[in-house]
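Text of the file target.pdb, holding PDB, C-alpha atoms and all ligand atoms:
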MODEL        1
ATOM      1  CA  MET E   1     -48.153  32.482 -20.418
ATOM      2  CA  SER E   2     -46.400  31.003 -17.419
ATOM      3  CA  HIS E   3     -44.396  33.410 -15.303
ATOM      4  CA  GLU E   4     -41.754  33.208 -12.629
ATOM      5  CA  THR E   5     -43.303  32.799  -9.204
ATOM      6  CA  VAL E   6     -40.647  33.402  -6.560
ATOM      7  CA  TYR E   7     -38.783  36.711  -6.593
ATOM      8  CA  ALA E   8     -36.050  37.800  -4.185
ATOM      9  CA  ILE E   9     -35.855  41.563  -3.638
ATOM     10  CA  ALA E  10     -32.231  42.247  -2.721
ATOM     11  CA  SER E  11     -29.601  44.939  -2.315
ATOM     12  CA  GLY E  12     -26.011  45.259  -1.190
ATOM     13  CA  LYS E  13     -26.550  48.287   0.993
ATOM     14  CA  GLY E  14     -29.324  48.498   3.606
ATOM     15  CA  GLY E  15     -32.063  51.115   3.700
ATOM     16  CA  VAL E  16     -32.411  51.527  -0.068
ATOM     17  CA  GLY E  17     -36.088  50.595  -0.424
ATOM     18  CA  LYS E  18     -36.223  46.772  -0.534
ATOM     19  CA  THR E  19     -39.090  46.410   1.913
ATOM     20  CA  THR E  20     -40.970  49.284   0.264
ATOM     21  CA  THR E  21     -40.517  47.588  -3.113
ATOM     22  CA  THR E  22     -41.541  44.158  -1.768
ATOM     23  CA  VAL E  23     -44.716  45.462  -0.111
ATOM     24  CA  ASN E  24     -45.832  47.720  -2.954
ATOM     25  CA  LEU E  25     -44.966  45.493  -5.874
ATOM     26  CA  GLY E  26     -46.840  42.729  -4.071
ATOM     27  CA  THR E  27     -49.827  44.954  -3.292
ATOM     28  CA  ALA E  28     -49.984  46.213  -6.883
ATOM     29  CA  LEU E  29     -50.156  42.617  -8.146
ATOM     30  CA  ALA E  30     -52.781  41.827  -5.494
ATOM     31  CA  GLU E  31     -54.859  44.805  -6.702
ATOM     32  CA  ALA E  32     -54.670  43.247 -10.155
ATOM     33  CA  GLY E  33     -56.214  40.043  -8.759
ATOM     34  CA  LYS E  34     -53.066  37.957  -8.246
ATOM     35  CA  ARG E  35     -52.613  35.943  -5.039
ATOM     36  CA  VAL E  36     -49.442  37.194  -3.410
ATOM     37  CA  ALA E  37     -47.318  36.212  -0.392
ATOM     38  CA  ILE E  38     -44.446  38.331   0.880
ATOM     39  CA  VAL E  39     -41.894  36.835   3.246
ATOM     40  CA  ASP E  40     -39.458  38.643   5.512
ATOM     41  CA  THR E  41     -36.280  36.619   5.119
ATOM     42  CA  ASP E  42     -34.256  39.371   6.847
ATOM     43  CA  LEU E  43     -34.648  37.355  10.038
ATOM     44  CA  GLY E  44     -33.010  39.794  12.428
ATOM     45  CA  MET E  45     -35.041  42.858  11.456
ATOM     46  CA  ALA E  46     -38.842  42.227  11.428
ATOM     47  CA  ASN E  47     -39.349  44.535   8.436
ATOM     48  CA  LEU E  48     -42.924  43.465   7.712
ATOM     49  CA  ALA E  49     -44.216  43.388  11.290
ATOM     50  CA  GLY E  50     -45.595  46.947  10.992
ATOM     51  CA  PHE E  51     -47.915  45.990   8.129
ATOM     52  CA  VAL E  52     -49.777  43.251  10.037
ATOM     53  CA  SER E  53     -51.344  43.161  13.482
ATOM     54  CA  LEU E  54     -49.068  41.133  15.724
ATOM     55  CA  THR E  55     -49.226  40.625  19.479
ATOM     56  CA  PRO E  56     -46.259  39.382  21.550
ATOM     57  CA  ASP E  57     -47.767  35.867  21.280
ATOM     58  CA  SER E  58     -48.242  35.935  17.512
ATOM     59  CA  MET E  59     -46.409  33.260  15.547
ATOM     60  CA  THR E  60     -43.835  34.474  13.024
ATOM     61  CA  LEU E  61     -41.328  33.026  10.611
ATOM     62  CA  HIS E  62     -38.985  32.641  13.604
ATOM     63  CA  ASP E  63     -41.390  30.096  15.098
ATOM     64  CA  VAL E  64     -41.719  28.274  11.779
ATOM     65  CA  LEU E  65     -37.941  28.083  11.324
ATOM     66  CA  SER E  66     -37.406  26.898  14.870
ATOM     67  CA  GLY E  67     -39.989  24.139  14.378
ATOM     68  CA  ASP E  68     -42.534  25.591  16.837
ATOM     69  CA  ALA E  69     -45.208  26.549  14.283
ATOM     70  CA  SER E  70     -46.479  25.601  10.852
ATOM     71  CA  ILE E  71     -46.385  28.085   7.994
ATOM     72  CA  ASP E  72     -50.174  28.533   8.250
ATOM     73  CA  ASP E  73     -49.752  29.838  11.804
ATOM     74  CA  ALA E  74     -47.464  32.629  10.564
ATOM     75  CA  ILE E  75     -49.435  33.913   7.552
ATOM     76  CA  TYR E  76     -51.203  37.272   8.047
ATOM     77  CA  SER E  77     -53.445  39.186   5.655
ATOM     78  CA  ILE E  78     -52.354  42.706   4.639
ATOM     79  CA  THR E  79     -55.157  43.654   2.239
ATOM     80  CA  GLU E  80     -57.223  41.622  -0.211
ATOM     81  CA  ASN E  81     -55.220  38.939  -2.053
ATOM     82  CA  ILE E  82     -51.949  39.617  -0.232
ATOM     83  CA  VAL E  83     -50.503  37.988   2.875
ATOM     84  CA  ALA E  84     -47.263  38.500   4.766
ATOM     85  CA  VAL E  85     -45.062  36.038   6.623
ATOM     86  CA  PRO E  86     -43.283  38.389   9.027
ATOM     87  CA  SER E  87     -40.178  37.559  11.010
ATOM     88  CA  GLY E  88     -40.359  38.284  14.717
ATOM     89  CA  THR E  89     -38.744  40.922  16.891
ATOM     90  CA  SER E  90     -37.233  38.699  19.604
ATOM     91  CA  LEU E  91     -33.470  38.191  19.269
ATOM     92  CA  ASP E  92     -33.708  35.086  21.496
ATOM     93  CA  GLU E  93     -36.152  33.484  19.062
ATOM     94  CA  TYR E  94     -33.999  34.607  16.151
ATOM     95  CA  ALA E  95     -31.057  32.735  17.717
ATOM     96  CA  ASP E  96     -33.133  29.513  17.694
ATOM     97  CA  THR E  97     -34.024  29.648  13.999
ATOM     98  CA  SER E  98     -32.637  27.374  11.355
ATOM     99  CA  PRO E  99     -32.529  29.442   8.122
ATOM    100  CA  GLU E 100     -32.351  26.213   6.059
ATOM    101  CA  GLY E 101     -36.048  25.701   6.871
ATOM    102  CA  LEU E 102     -36.746  28.498   4.419
ATOM    103  CA  ARG E 103     -36.445  25.967   1.602
ATOM    104  CA  GLU E 104     -39.579  24.183   2.762
ATOM    105  CA  VAL E 105     -41.431  27.447   3.434
ATOM    106  CA  VAL E 106     -40.732  28.729  -0.081
ATOM    107  CA  ALA E 107     -41.647  25.384  -1.652
ATOM    108  CA  GLU E 108     -45.003  25.404   0.124
ATOM    109  CA  LEU E 109     -45.836  29.038  -0.711
ATOM    110  CA  ARG E 110     -44.834  28.493  -4.350
ATOM    111  CA  ASP E 111     -47.649  25.947  -4.681
ATOM    112  CA  ARG E 112     -50.260  28.165  -3.080
ATOM    113  CA  PHE E 113     -49.662  31.661  -4.500
ATOM    114  CA  ASP E 114     -49.292  33.298  -7.927
ATOM    115  CA  TYR E 115     -46.347  35.367  -6.696
ATOM    116  CA  VAL E 116     -44.014  35.026  -3.704
ATOM    117  CA  PHE E 117     -41.676  37.904  -2.839
ATOM    118  CA  LEU E 118     -38.745  37.362  -0.478
ATOM    119  CA  ASP E 119     -37.543  40.539   1.238
ATOM    120  CA  VAL E 120     -33.845  39.721   1.578
ATOM    121  CA  GLY E 121     -31.506  41.232   4.171
ATOM    122  CA  ALA E 122     -28.669  43.456   2.998
ATOM    123  CA  GLY E 123     -25.057  42.315   3.070
ATOM    124  CA  VAL E 124     -23.173  39.117   2.394
ATOM    125  CA  ASN E 125     -24.069  36.276   4.776
ATOM    126  CA  HIS E 126     -25.762  32.880   4.838
ATOM    127  CA  GLU E 127     -29.218  34.359   5.426
ATOM    128  CA  THR E 128     -28.815  36.447   2.282
ATOM    129  CA  VAL E 129     -27.380  33.738   0.054
ATOM    130  CA  LEU E 130     -30.124  31.203   0.716
ATOM    131  CA  PRO E 131     -33.113  33.261  -0.558
ATOM    132  CA  LEU E 132     -31.071  34.481  -3.552
ATOM    133  CA  GLY E 133     -30.615  30.851  -4.576
ATOM    134  CA  LEU E 134     -34.219  29.805  -3.812
ATOM    135  CA  ALA E 135     -35.817  32.499  -5.985
ATOM    136  CA  ASP E 136     -36.598  32.015  -9.675
ATOM    137  CA  SER E 137     -35.541  35.579 -10.198
ATOM    138  CA  VAL E 138     -33.697  38.269  -8.237
ATOM    139  CA  ILE E 139     -34.597  41.959  -8.453
ATOM    140  CA  LEU E 140     -31.834  44.279  -7.296
ATOM    141  CA  VAL E 141     -32.804  47.494  -5.549
ATOM    142  CA  SER E 142     -30.475  50.474  -5.324
ATOM    143  CA  THR E 143     -30.651  54.177  -4.723
ATOM    144  CA  PRO E 144     -28.801  56.308  -7.279
ATOM    145  CA  GLU E 145     -25.779  56.749  -4.998
ATOM    146  CA  PRO E 146     -22.348  55.374  -5.916
ATOM    147  CA  ALA E 147     -21.987  53.406  -2.632
ATOM    148  CA  ALA E 148     -25.349  51.675  -3.105
ATOM    149  CA  VAL E 149     -24.556  50.793  -6.710
ATOM    150  CA  HIS E 150     -21.125  49.474  -5.702
ATOM    151  CA  ASP E 151     -22.639  47.224  -3.034
ATOM    152  CA  SER E 152     -25.304  45.978  -5.451
ATOM    153  CA  LYS E 153     -22.509  44.634  -7.611
ATOM    154  CA  LYS E 154     -21.547  42.336  -4.724
ATOM    155  CA  THR E 155     -25.137  41.110  -4.409
ATOM    156  CA  LEU E 156     -25.153  40.409  -8.128
ATOM    157  CA  GLU E 157     -22.025  38.257  -7.799
ATOM    158  CA  LEU E 158     -23.458  36.579  -4.726
ATOM    159  CA  THR E 159     -26.626  35.717  -6.638
ATOM    160  CA  GLU E 160     -24.602  34.051  -9.380
ATOM    161  CA  ARG E 161     -22.602  32.064  -6.819
ATOM    162  CA  ALA E 162     -25.852  30.988  -5.148
ATOM    163  CA  GLY E 163     -27.102  29.666  -8.493
ATOM    164  CA  GLY E 164     -29.701  32.415  -8.886
ATOM    165  CA  ALA E 165     -30.330  34.854 -11.714
ATOM    166  CA  VAL E 166     -30.778  38.615 -11.602
ATOM    167  CA  THR E 167     -33.678  39.834 -13.750
ATOM    168  CA  GLY E 168     -32.992  43.522 -13.409
ATOM    169  CA  LEU E 169     -32.691  46.599 -11.281
ATOM    170  CA  VAL E 170     -35.154  48.950  -9.593
ATOM    171  CA  VAL E 171     -33.654  52.346  -8.788
ATOM    172  CA  THR E 172     -35.515  53.931  -5.890
ATOM    173  CA  ARG E 173     -35.732  57.376  -4.338
ATOM    174  CA  THR E 174     -34.741  59.078  -7.562
ATOM    175  CA  LEU E 175     -34.542  62.853  -7.799
ATOM    176  CA  PRO E 176     -34.272  64.955 -10.950
ATOM    177  CA  ASP E 177     -30.584  65.573 -10.094
ATOM    178  CA  SER E 178     -29.691  62.026  -8.924
ATOM    179  CA  ASP E 179     -25.953  61.295  -8.494
ATOM    180  CA  ILE E 180     -25.701  58.844 -11.421
ATOM    181  CA  SER E 181     -28.047  58.374 -14.376
ATOM    182  CA  HIS E 182     -30.347  55.391 -13.969
ATOM    183  CA  ASP E 183     -29.312  53.841 -17.261
ATOM    184  CA  GLU E 184     -25.676  54.158 -16.234
ATOM    185  CA  ILE E 185     -26.398  52.295 -13.000
ATOM    186  CA  ALA E 186     -27.978  49.429 -14.920
ATOM    187  CA  THR E 187     -25.047  49.419 -17.353
ATOM    188  CA  ARG E 188     -22.540  49.289 -14.498
ATOM    189  CA  LEU E 189     -24.427  46.353 -13.039
ATOM    190  CA  GLU E 190     -24.778  44.730 -16.458
ATOM    191  CA  THR E 191     -28.478  44.239 -15.964
ATOM    192  CA  ASP E 192     -31.773  45.715 -17.199
ATOM    193  CA  LEU E 193     -33.368  48.775 -15.665
ATOM    194  CA  LEU E 194     -36.854  47.579 -14.671
ATOM    195  CA  ALA E 195     -38.157  50.770 -13.057
ATOM    196  CA  THR E 196     -37.284  54.025 -11.382
ATOM    197  CA  ILE E 197     -39.266  54.951  -8.290
ATOM    198  CA  PRO E 198     -39.225  58.680  -7.484
ATOM    199  CA  GLU E 199     -38.561  60.119  -4.042
ATOM    200  CA  ASP E 200     -42.006  60.450  -2.454
ATOM    201  CA  SER E 201     -42.600  61.512   1.157
ATOM    202  CA  ALA E 202     -45.722  59.325   1.236
ATOM    203  CA  ALA E 203     -43.407  56.261   1.301
ATOM    204  CA  ARG E 204     -42.157  57.039   4.785
ATOM    205  CA  GLU E 205     -45.577  58.186   6.011
ATOM    206  CA  SER E 206     -47.172  54.947   4.828
ATOM    207  CA  VAL E 207     -44.740  52.936   6.983
ATOM    208  CA  TYR E 208     -45.792  54.897  10.064
ATOM    209  CA  ALA E 209     -49.422  54.345   9.058
ATOM    210  CA  GLY E 210     -48.747  50.588   8.639
ATOM    211  CA  THR E 211     -50.376  50.686   5.186
ATOM    212  CA  PRO E 212     -48.817  49.902   1.792
ATOM    213  CA  LEU E 213     -47.874  53.116  -0.004
ATOM    214  CA  ILE E 214     -50.030  52.323  -3.025
ATOM    215  CA  VAL E 215     -53.101  52.090  -0.772
ATOM    216  CA  TYR E 216     -52.086  55.049   1.417
ATOM    217  CA  GLU E 217     -51.432  57.421  -1.510
ATOM    218  CA  PRO E 218     -52.776  55.617  -4.592
ATOM    219  CA  ASP E 219     -52.106  58.404  -7.078
ATOM    220  CA  GLY E 220     -48.699  59.550  -5.774
ATOM    221  CA  PRO E 221     -45.641  59.294  -8.045
ATOM    222  CA  ALA E 222     -44.097  56.286  -6.273
ATOM    223  CA  ALA E 223     -47.430  54.399  -6.244
ATOM    224  CA  VAL E 224     -47.901  54.971  -9.970
ATOM    225  CA  ALA E 225     -44.342  53.755 -10.640
ATOM    226  CA  TYR E 226     -44.844  50.603  -8.535
ATOM    227  CA  ARG E 227     -48.090  49.808 -10.387
ATOM    228  CA  GLN E 228     -46.300  50.165 -13.705
ATOM    229  CA  LEU E 229     -43.516  47.830 -12.495
ATOM    230  CA  ALA E 230     -46.098  45.254 -11.376
ATOM    231  CA  ALA E 231     -47.888  45.439 -14.726
ATOM    232  CA  ASP E 232     -44.594  45.007 -16.617
ATOM    233  CA  LEU E 233     -43.630  42.045 -14.464
ATOM    234  CA  ALA E 234     -46.958  40.292 -14.853
ATOM    235  CA  GLY E 235     -47.387  41.259 -18.516
ATOM    236  CA  ILE E 236     -50.725  42.944 -17.842
ATOM    237  CA  ASP E 237     -52.119  46.430 -18.491
ATOM    238  CA  VAL E 238     -51.539  49.057 -15.821
ATOM    239  CA  PRO E 239     -54.807  49.502 -13.916
ATOM    240  CA  GLU E 240     -56.456  52.739 -15.068
ATOM    241  CA  THR E 241     -56.485  55.969 -13.128
ATOM    242  CA  ALA E 242     -59.444  58.122 -14.134
ATOM    243  CA  THR E 243     -59.949  61.839 -13.562
ATOM    244  CA  ASP E 244     -63.435  63.200 -12.828
ATOM    245  CA  GLU E 245     -64.935  66.524 -14.001
ATOM    246  CA  THR E 246     -63.527  68.426 -11.018
ATOM    247  CA  GLY E 247     -60.018  67.218 -11.827
ATOM    248  CA  THR E 248     -59.898  64.915  -8.771
ATOM    249  CA  GLU E 249     -57.888  61.808  -9.581
ATOM    250  CA  LEU E 250     -59.820  58.621  -8.953
ATOM    251  CA  SER E 251     -57.914  55.410  -8.599
ATOM    252  CA  VAL E 252     -59.915  52.654 -10.244
ATOM    253  CA  ALA E 253     -57.284  50.154  -9.186
ATOM    254  CA  ALA E 254     -57.844  50.831  -5.507
ATOM    255  CA  GLY E 255     -61.608  50.586  -5.992
ATOM    256  CA  GLN E 256     -62.036  54.280  -5.349
ATOM    257  CA  ALA E 257     -63.802  55.361  -8.525
ATOM    258  CA  GLY E 258     -66.851  57.339  -7.598
ATOM    259  CA  GLY E 259     -68.692  60.646  -7.840
ATOM    260  CA  GLY E 260     -67.542  64.103  -6.753
ATOM    261  CA  SER E 261     -68.500  64.542  -3.104
ATOM    262  CA  ASP E 262     -67.575  61.043  -1.897
ATOM    263  CA  ALA E 263     -64.235  61.331  -3.644
ATOM    264  CA  ASP E 264     -63.702  64.789  -2.108
ATOM    265  CA  ASP E 265     -64.524  63.457   1.373
ATOM    266  CA  GLU E 266     -62.108  60.604   0.877
ATOM    267  CA  HIS E 267     -59.451  63.035  -0.285
ATOM    268  CA  ASP E 268     -59.998  65.257   2.786
ATOM    269  CA  GLU E 269     -59.813  62.214   5.065
ATOM    270  CA  ARG E 270     -56.550  61.147   3.464
ATOM    271  CA  GLU E 271     -55.134  64.678   3.854
ATOM    272  CA  ALA E 272     -56.096  64.671   7.555
ATOM    273  CA  ALA E 273     -54.493  61.242   8.035
ATOM    274  CA  HIS E 274     -51.337  62.501   6.304
ATOM    275  CA  ASP E 275     -51.182  65.522   8.634
ATOM    276  CA  ASP E 276     -51.481  63.215  11.671
ATOM    277  CA  VAL E 277     -48.752  60.922  10.373
ATOM    278  CA  SER E 278     -46.466  63.867   9.474
ATOM    279  CA  SER E 279     -46.715  65.292  13.007
ATOM    280  CA  ALA E 280     -46.105  61.834  14.507
ATOM    281  CA  ILE E 281     -42.938  61.501  12.372
ATOM    282  CA  THR E 282     -41.708  64.963  13.414
ATOM    283  CA  GLU E 283     -42.381  64.162  17.082
ATOM    284  CA  ALA E 284     -40.660  60.747  16.843
ATOM    285  CA  GLU E 285     -37.639  62.291  15.152
ATOM    286  CA  SER E 286     -37.290  65.184  17.607
ATOM    287  CA  SER E 287     -37.542  62.810  20.597
ATOM    288  CA  THR E 288     -34.576  60.764  19.285
ATOM    289  CA  GLU E 289     -32.355  63.829  18.660
TER
HETATM  290  N1  LIG E 301     -39.533  56.249  -3.019
HETATM  291  C1  LIG E 301     -39.261  56.619  -1.762
HETATM  292  N2  LIG E 301     -39.327  57.930  -1.408
HETATM  293  C2  LIG E 301     -39.044  58.332  -0.143
HETATM  294  N3  LIG E 301     -38.705  57.497   0.856
HETATM  295  C3  LIG E 301     -38.616  56.181   0.572
HETATM  296  C4  LIG E 301     -38.888  55.670  -0.741
HETATM  297  N4  LIG E 301     -38.719  54.319  -0.711
HETATM  298  C5  LIG E 301     -38.368  54.009   0.550
HETATM  299  N5  LIG E 301     -38.309  55.110   1.329
HETATM  300  C6  LIG E 301     -37.972  55.193   2.756
HETATM  301  O1  LIG E 301     -36.602  54.831   2.917
HETATM  302  C7  LIG E 301     -36.424  54.099   4.122
HETATM  303  C8  LIG E 301     -35.781  52.740   3.803
HETATM  304  O2  LIG E 301     -36.698  52.011   2.988
HETATM  305  P1  LIG E 301     -36.883  50.428   3.165
HETATM  306  O3  LIG E 301     -37.156  50.078   4.594
HETATM  307  O4  LIG E 301     -37.858  49.989   2.144
HETATM  308  O5  LIG E 301     -35.408  49.961   2.793
HETATM  309  P2  LIG E 301     -34.724  48.519   2.955
HETATM  310  O6  LIG E 301     -33.732  48.437   1.868
HETATM  311  O7  LIG E 301     -35.751  47.466   3.048
HETATM  312  O8  LIG E 301     -34.027  48.685   4.378
HETATM  313  P3  LIG E 301     -33.322  47.522   5.287
HETATM  314  O9  LIG E 301     -32.084  47.131   4.562
HETATM  315  O10 LIG E 301     -33.058  48.243   6.568
HETATM  316  O11 LIG E 301     -34.311  46.425   5.401
HETATM  317  C9  LIG E 301     -37.799  53.984   4.775
HETATM  318  O12 LIG E 301     -37.951  55.041   5.704
HETATM  319  C10 LIG E 301     -38.751  54.178   3.587
HETATM  320  O13 LIG E 301     -40.018  54.696   3.981
ENDMDL
END
Write the structure described by the file as structure tokens, please.
Amino acid sequence: MSHETVYAIASGKGGVGKTTTTVNLGTALAEAGKRVAIVDTDLGMANLAGFVSLTPDSMTLHDVLSGDASIDDAIYSITENIVAVPSGTSLDEYADTSPEGLREVVAELRDRFDYVFLDVGAGVNHETVLPLGLADSVILVSTPEPAAVHDSKKTLELTERAGGAVTGLVVTRTLPDSDISHDEIATRLETDLLATIPEDSAARESVYAGTPLIVYEPDGPAAVAYRQLAADLAGIDVPETATDETGTELSVAAGQAGGGSDADDEHDEREAAHDDVSSAITEAESSTE
């Protein structure tokens, strides 16, 4: 069965989980053997830069859109089967970009990958409208807060004006006592509820670690939800998660199935890495207070 190739991941309000959804939906499809490219079309923000190794001289989407580099110069591997096209951090370079060049970039990636995800900036501006119109399908992302839902409505209208189509909604950072029910959010937005992604502290830690959440914490609640979303989107079975005799969860999808002691060592290593990341987050937050 043929499927849609280019998805825009969009929201009205910022900070609701678009980049997290782009990276983890893409990585889940890559785990399932699909060739995936994710593109940071939020040109002012460099959302994907933390997931790839860039130096100040590295080429980014800024260089491609200003005509100084080809798309191949700005493609970086994240893990197997998935690459990112990050935007850069320099505001001077950003000022030189021509967002219209995104048309050509998307056309080229469409031919070379099974799935292309465009991480779209929040708000209503030219940079936002263009990717919404270039995608075959737009996935709205919202937290279950009234303001985020309200702003998503604007993105929905913007998508229609740009000639795009919204496939459905992903509600992120859900809690058992979320402000509005998830079905009600989808009803208000007159679209389908594709997935709910629970609040999971590993999401923030994985950003500090520069690793996709579903690799960083493969069996956590958000990772499991992203894998289910990927499977639904691609029309494939969710990769299995097996449990060994000791009750340790083994993620087959992440290639971590194995016997007791190796799995235990891996688990201990992950716990230690989490502790390091948690203290780094606490330190970073207290130094900005
Ligand atoms: N399920 C989750 N549980 C807990 N924290 C989350 C979850 N999803 C995302 N986050 C955290 O919320 C913050 C915002 O997420 P993210 O960067 O993905 O949002 P965004 O919509 O792309 O933001 P922006 O509009 O600034 O690009 C990050 O710190 C991220 O780690």
Practice problem: Would you work out the distance separating atom C6 of ligand LIG 301 (chain E) from atom CA of E:Gly17, expressed in Å to one decimal? | Solution: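 About the pair atom C6 of ligand LIG 301 (chain E) and atom CA of E:Gly17: they are 5.9 Å apart.
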Quiz prompt | Residue with smallest distance to ligand LIG 301 (chain E) - pool E:Thr97, E:Thr128, E:Ser201, E:Asn81, counting only C-alpha atoms and all ligand atoms | solution =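 Checking each candidate against ligand LIG 301 (chain E), we get E:Ser201 as the closest.
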Quiz item: For the atom pair atom CA of E:Ser137 and atom CA of E:Phe117, what is the interatomic distance in Å to one decimal place?
Solution: 9.9 Å
Practice problem: Residues up to 8 Å from ligand LIG 301 (chain E), counting only C-alpha atoms and all ligand atoms: could you list those as a PyMOL selection string? | Solution: chain E and resi 10-11+13-22+42+45+47+119-122+141+172-174+197-207+222
Keeping only C-alpha atoms, write the selected residues to a file as a compact mmCIF listing (two decimals), keeping the file's coordinate frame.
# COMPACT_ATOMS: atom_id res chain seq x y z
CA ALA E 10 -32.23 42.25 -2.72
CA SER E 11 -29.60 44.94 -2.32
CA LYS E 13 -26.55 48.29 0.99
CA GLY E 14 -29.32 48.50 3.61
CA GLY E 15 -32.06 51.12 3.70
CA VAL E 16 -32.41 51.53 -0.07
CA GLY E 17 -36.09 50.60 -0.42
CA LYS E 18 -36.22 46.77 -0.53
CA THR E 19 -39.09 46.41 1.91
CA THR E 20 -40.97 49.28 0.26
CA THR E 21 -40.52 47.59 -3.11
CA THR E 22 -41.54 44.16 -1.77
CA ASP E 42 -34.26 39.37 6.85
CA MET E 45 -35.04 42.86 11.46
CA ASN E 47 -39.35 44.54 8.44
CA ASP E 119 -37.54 40.54 1.24
CA VAL E 120 -33.84 39.72 1.58
CA GLY E 121 -31.51 41.23 4.17
CA ALA E 122 -28.67 43.46 3.00
CA VAL E 141 -32.80 47.49 -5.55
CA THR E 172 -35.52 53.93 -5.89
CA ARG E 173 -35.73 57.38 -4.34
CA THR E 174 -34.74 59.08 -7.56
CA ILE E 197 -39.27 54.95 -8.29
CA PRO E 198 -39.22 58.68 -7.48
CA GLU E 199 -38.56 60.12 -4.04
CA ASP E 200 -42.01 60.45 -2.45
CA SER E 201 -42.60 61.51 1.16
CA ALA E 202 -45.72 59.32 1.24
CA ALA E 203 -43.41 56.26 1.30
CA ARG E 204 -42.16 57.04 4.78
CA GLU E 205 -45.58 58.19 6.01
CA SER E 206 -47.17 54.95 4.83
CA VAL E 207 -44.74 52.94 6.98
CA ALA E 222 -44.10 56.29 -6.27
Using only C-alpha atoms, what table do you get, as a tab-separated table, when you list each residue of stretch 95-147 of chain E with an atom no more than 9 Å from stretch 157-168 of chain E, its nearest pair of atoms, and their distance in Å rounded to one decimal, rows by chain then rising number?
residue	atom	partner	partner_atom	distance
E:Val124	CA	E:Leu158	CA	7.6
E:Thr128	CA	E:Leu158	CA	8.8
E:Val129	CA	E:Ala162	CA	6.1
E:Leu130	CA	E:Ala162	CA	7.3
E:Pro131	CA	E:Ala162	CA	8.9
E:Leu132	CA	E:Thr159	CA	5.6
E:Gly133	CA	E:Gly164	CA	4.7
E:Leu134	CA	E:Gly164	CA	7.3
E:Ala135	CA	E:Gly164	CA	6.8
E:Asp136	CA	E:Gly164	CA	7.0
E:Ser137	CA	E:Ala165	CA	5.5
E:Val138	CA	E:Val166	CA	4.5
E:Ile139	CA	E:Gly168	CA	5.4
E:Leu140	CA	E:Gly168	CA	6.3
E:Val141	CA	E:Gly168	CA	8.8
Practice problem: Can you pull out every residue within 7 Å of E:Leu61, counting all atoms listed in the file, but drop anything in the same chain fewer than 5 positions away, and send it as a PyMOL selection string? | Solution: chain E and resi 74+85-88
Self-check item: Computed interatomic separation between atom CA of E:Thr79 and atom CA of E:Val52 (Å)
Solution: 9.5 Å
Exercise. Please evaluate the PyMOL selection byres (((chain E and resi 34) around 9) and not hetatm) against the structure above and give the resulting residues as number ranges by chain.
Key: E: 26, 28-33, 35-36, 81-82, 113-115
List, as a PDB file with C-alpha atoms, keeping the file's coordinate frame, every residue that the PyMOL selection byres (((chain E and resi 99-105) around 9) and not hetatm) selects in the file provided.
ATOM      1  CA  THR E  41     -36.280  36.619   5.119  1.00  0.00           C
ATOM      2  CA  LEU E  43     -34.648  37.355  10.038  1.00  0.00           C
ATOM      3  CA  LEU E  61     -41.328  33.026  10.611  1.00  0.00           C
ATOM      4  CA  VAL E  64     -41.719  28.274  11.779  1.00  0.00           C
ATOM      5  CA  LEU E  65     -37.941  28.083  11.324  1.00  0.00           C
ATOM      6  CA  SER E  66     -37.406  26.898  14.870  1.00  0.00           C
ATOM      7  CA  GLY E  67     -39.989  24.139  14.378  1.00  0.00           C
ATOM      8  CA  ILE E  71     -46.385  28.085   7.994  1.00  0.00           C
ATOM      9  CA  THR E  97     -34.024  29.648  13.999  1.00  0.00           C
ATOM     10  CA  SER E  98     -32.637  27.374  11.355  1.00  0.00           C
ATOM     11  CA  VAL E 106     -40.732  28.729  -0.081  1.00  0.00           C
ATOM     12  CA  ALA E 107     -41.647  25.384  -1.652  1.00  0.00           C
ATOM     13  CA  GLU E 108     -45.003  25.404   0.124  1.00  0.00           C
ATOM     14  CA  LEU E 109     -45.836  29.038  -0.711  1.00  0.00           C
ATOM     15  CA  ARG E 110     -44.834  28.493  -4.350  1.00  0.00           C
ATOM     16  CA  HIS E 126     -25.762  32.880   4.838  1.00  0.00           C
ATOM     17  CA  GLU E 127     -29.218  34.359   5.426  1.00  0.00           C
ATOM     18  CA  LEU E 130     -30.124  31.203   0.716  1.00  0.00           C
ATOM     19  CA  PRO E 131     -33.113  33.261  -0.558  1.00  0.00           C
ATOM     20  CA  LEU E 134     -34.219  29.805  -3.812  1.00  0.00           C
TER      21      LEU E 134
END
Exercise. Excluding E:Glu145 and any residue of its chain fewer than 4 positions from it, enumerate the residues within 8 Å of it, using only C-alpha atoms, and give them as a list in words.
Key: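 The filter keeps Val149, Ser178, Asp179 and Ile180 of chain E.
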Quiz item: How would you write, as a ChimeraX atom specification, the residues chosen by the PyMOL selection byres (((chain E and resi 193) around 12) and not hetatm) on this structure?
Solution: /E:139-142,166-172,181-192,194-197,229,232
Self-check item: Nearest residue to E:Arg227 from the set E:Ala37, E:Val23, E:Ala209, E:Ala8 (distances using all atoms listed in the file)
Solution: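 Selected residue with least distance to E:Arg227: E:Val23.
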Exercise. Using all atoms listed in the file, find the one residue out of E:Ala147, E:Val238, E:Ala225, E:Val215 that sits nearest to E:Phe51.
Key: E:Val215
Find the smallest box with edges along x, y and z containing every listed atom of stretch 17-33 of chain E, then add 8 Å on each side and report centre and edge lengths in Å to one decimal, as lines of an AutoDock Vina configuration file.
center_x = -46.2
center_y = 45.3
center_z = -4.1
size_x = 36.1
size_y = 26.6
size_z = 28.1
